[in-house]
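Let me begin by presenting the structure, written as structure tokens, before commenting on it.
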Amino acid sequence: MPATTESRQVTRIPRARSGTGRALQKGQQTKAAIVEAALGLATHIGLEGLSIGALADVTGMSKSGVFAHFGSREELQISVIREYHTRFEQEVFYPAMSAPRGLARLHALYDNWMKRTSIEIDSGCIYISGAVEFDDRTGPVRDALASSVMTWHGAMRRAIEQCKELGELQADVDPEQMLFEIHGLILALHYEARFLQNPGSLDRAIRGFHNILARYSAPAAVVKAAKVAPKVASVPRRKVSNQTTPSKE
């Protein structure tokens with residue numbers, strides 16, 4: 001832009017006192033540490049198992065100190081859901097966005113989802129355990145949990161719709177039905193591997209996904225689907241075998 005000789009009065013925003021800034025930063029760091037501890041607890045004992053007292057014990061803080069950062073147990077639970085969702089996006093959604101639209105991206109999304117699920121066979125999944133805890137309830141915690149799940153489902157649905165737009169899926173494919181079946185594989189994997197500890201659950205979930213693609217892919221896309229499929233070896237199976245089991249663009 002060309003320079004201008006017009007003088008302008010600049011309104012400067014007063015800088016916060018350094019002590020105030022440090023206190024604010026420390027408060028944010030403390031809250032983040034509490035959420036981190038709460039997330040670790042929630043993956044093992046569920047959102048309903050969280051309490052101000054339990055977190056005070058884990059973090060070495062007073063109950064009043066923990067309470068001051070959230071104000072209520074409900075707000076603490078919602079903060080944990082938001083943090084879980086953020087990490088889910090970082091591990092599952094965003095890495096898959098580097099793949100081209102269509103089957104390659106859908107494969108990447110499912111592959112990342114499988115990797116995270118295989119790890120959570122040990123630690124537990126807040127989306128799954130939370131659904132059991134809050135399926136018959138109402139309120140902000142349930143709303144936050146359902147909203148997070150639906151946001152993820154929306155990303156998967158868009159990936160499926162993009163496959164249709166590119167002609168890689170049959171024209172009459174119902175994205176909702178396909179998403180339902182894919183989600184069902186993840187739920188079955190978690191149940192079979194974590195609860196029943198059935199060997200081979202991970203391999204069956206992988207084969208199930210390929211079977212879904214075989215049924216819904218357009219004839220010319222079947223070969224392409226096989227070429228873009230992720231390597232099965234990339235999925236960390238060790239955690240599963242140790243238990244005799246195994247978006248928005």
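FYI, nothing fancy with the structure tokens labels: chains A, B, ... in order, residues from 1 per chain, ligands from 1 as they appear.
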
Among region 8-107 of chain A, which ones does DSSP place in helix (DSSP H, G or I), written as JSON, numbers by chain?
-> {"A": [18, 19, 20, 21, 22, 23, 24, 25, 26, 27, 28, 29, 30, 31, 32, 33, 34, 35, 36, 37, 38, 39, 40, 41, 42, 43, 44, 45, 47, 48, 49, 52, 53, 54, 55, 56, 57, 58, 59, 63, 64, 65, 66, 67, 68, 69, 70, 73, 74, 75, 76, 77, 78, 79, 80, 81, 82, 83, 84, 85, 86, 87, 88, 89, 90, 91, 92, 93, 94, 95, 96, 103, 104, 105, 106, 107]}

At most 12 Å is the cut-off: for each residue in region 114-164 of chain A with any atom that close to an atom of region 211-222 of chain A, write down the nearest atom pair and the distance in Å rounded to one decimal, counting only C-alpha atoms, chain first then increasing number, as CSV.
residue,atom,partner,partner_atom,distance
A:Ile160,CA,A:Tyr216,CA,10.4
A:Cys163,CA,A:Ser217,CA,8.9
A:Lys164,CA,A:Ala218,CA,8.9

Choose the residue, out of A:Val132, A:Ala205, A:Glu48, A:Ala38, that has the smallest atom-to-atom separation from Tyr110 (chain A); count only C-alpha atoms.
->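 Counting only C-alpha atoms, the residue closest to Tyr110 (chain A) is A:Ala205.
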
Could you give me, as an MDAnalysis selection string, the residues within 10 Å of Phe180 (chain A), counting only C-alpha atoms and dropping anything in the same chain fewer than 6 positions from it?
-> chainID A and resid 153 157 174

How about saving the chosen residues, all heavy atoms kept, as a CSV table (one decimal), in the first residue's frame?
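Generated file (result.csv):
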chain,number,residue,atom,x,y,z
A,153,HIS,N,-19.3,-37.3,13.6
A,153,HIS,CA,-20.1,-38.0,12.6
A,153,HIS,C,-20.3,-37.1,11.4
A,153,HIS,O,-20.4,-37.6,10.2
A,153,HIS,CB,-21.5,-38.4,13.2
A,153,HIS,CG,-21.4,-39.6,14.1
A,153,HIS,ND1,-22.5,-40.3,14.5
A,153,HIS,CD2,-20.3,-40.3,14.6
A,153,HIS,CE1,-22.1,-41.3,15.3
A,153,HIS,NE2,-20.8,-41.3,15.3
A,157,ARG,N,-19.5,-38.2,7.6
A,157,ARG,CA,-20.6,-38.1,6.6
A,157,ARG,C,-20.2,-37.3,5.4
A,157,ARG,O,-20.4,-37.7,4.3
A,157,ARG,CB,-21.9,-37.5,7.2
A,157,ARG,CG,-23.1,-37.6,6.3
A,157,ARG,CD,-24.3,-36.9,6.9
A,157,ARG,NE,-24.6,-37.4,8.3
A,157,ARG,CZ,-24.3,-36.8,9.4
A,157,ARG,NH1,-23.8,-35.6,9.4
A,157,ARG,NH2,-24.6,-37.3,10.6
A,174,ASP,N,-26.8,-44.3,0.6
A,174,ASP,CA,-27.3,-43.4,1.6
A,174,ASP,C,-26.1,-43.2,2.6
A,174,ASP,O,-25.7,-44.1,3.3
A,174,ASP,CB,-28.4,-44.1,2.3
A,174,ASP,CG,-29.0,-43.2,3.5
A,174,ASP,OD1,-28.5,-42.1,3.6
A,174,ASP,OD2,-29.9,-43.7,4.2

Pick from A:Lys63, A:Ile186, A:Ile81, A:Asp143, whichever lies nearest to Ile206 (chain A) using only C-alpha atoms = A:Ile186
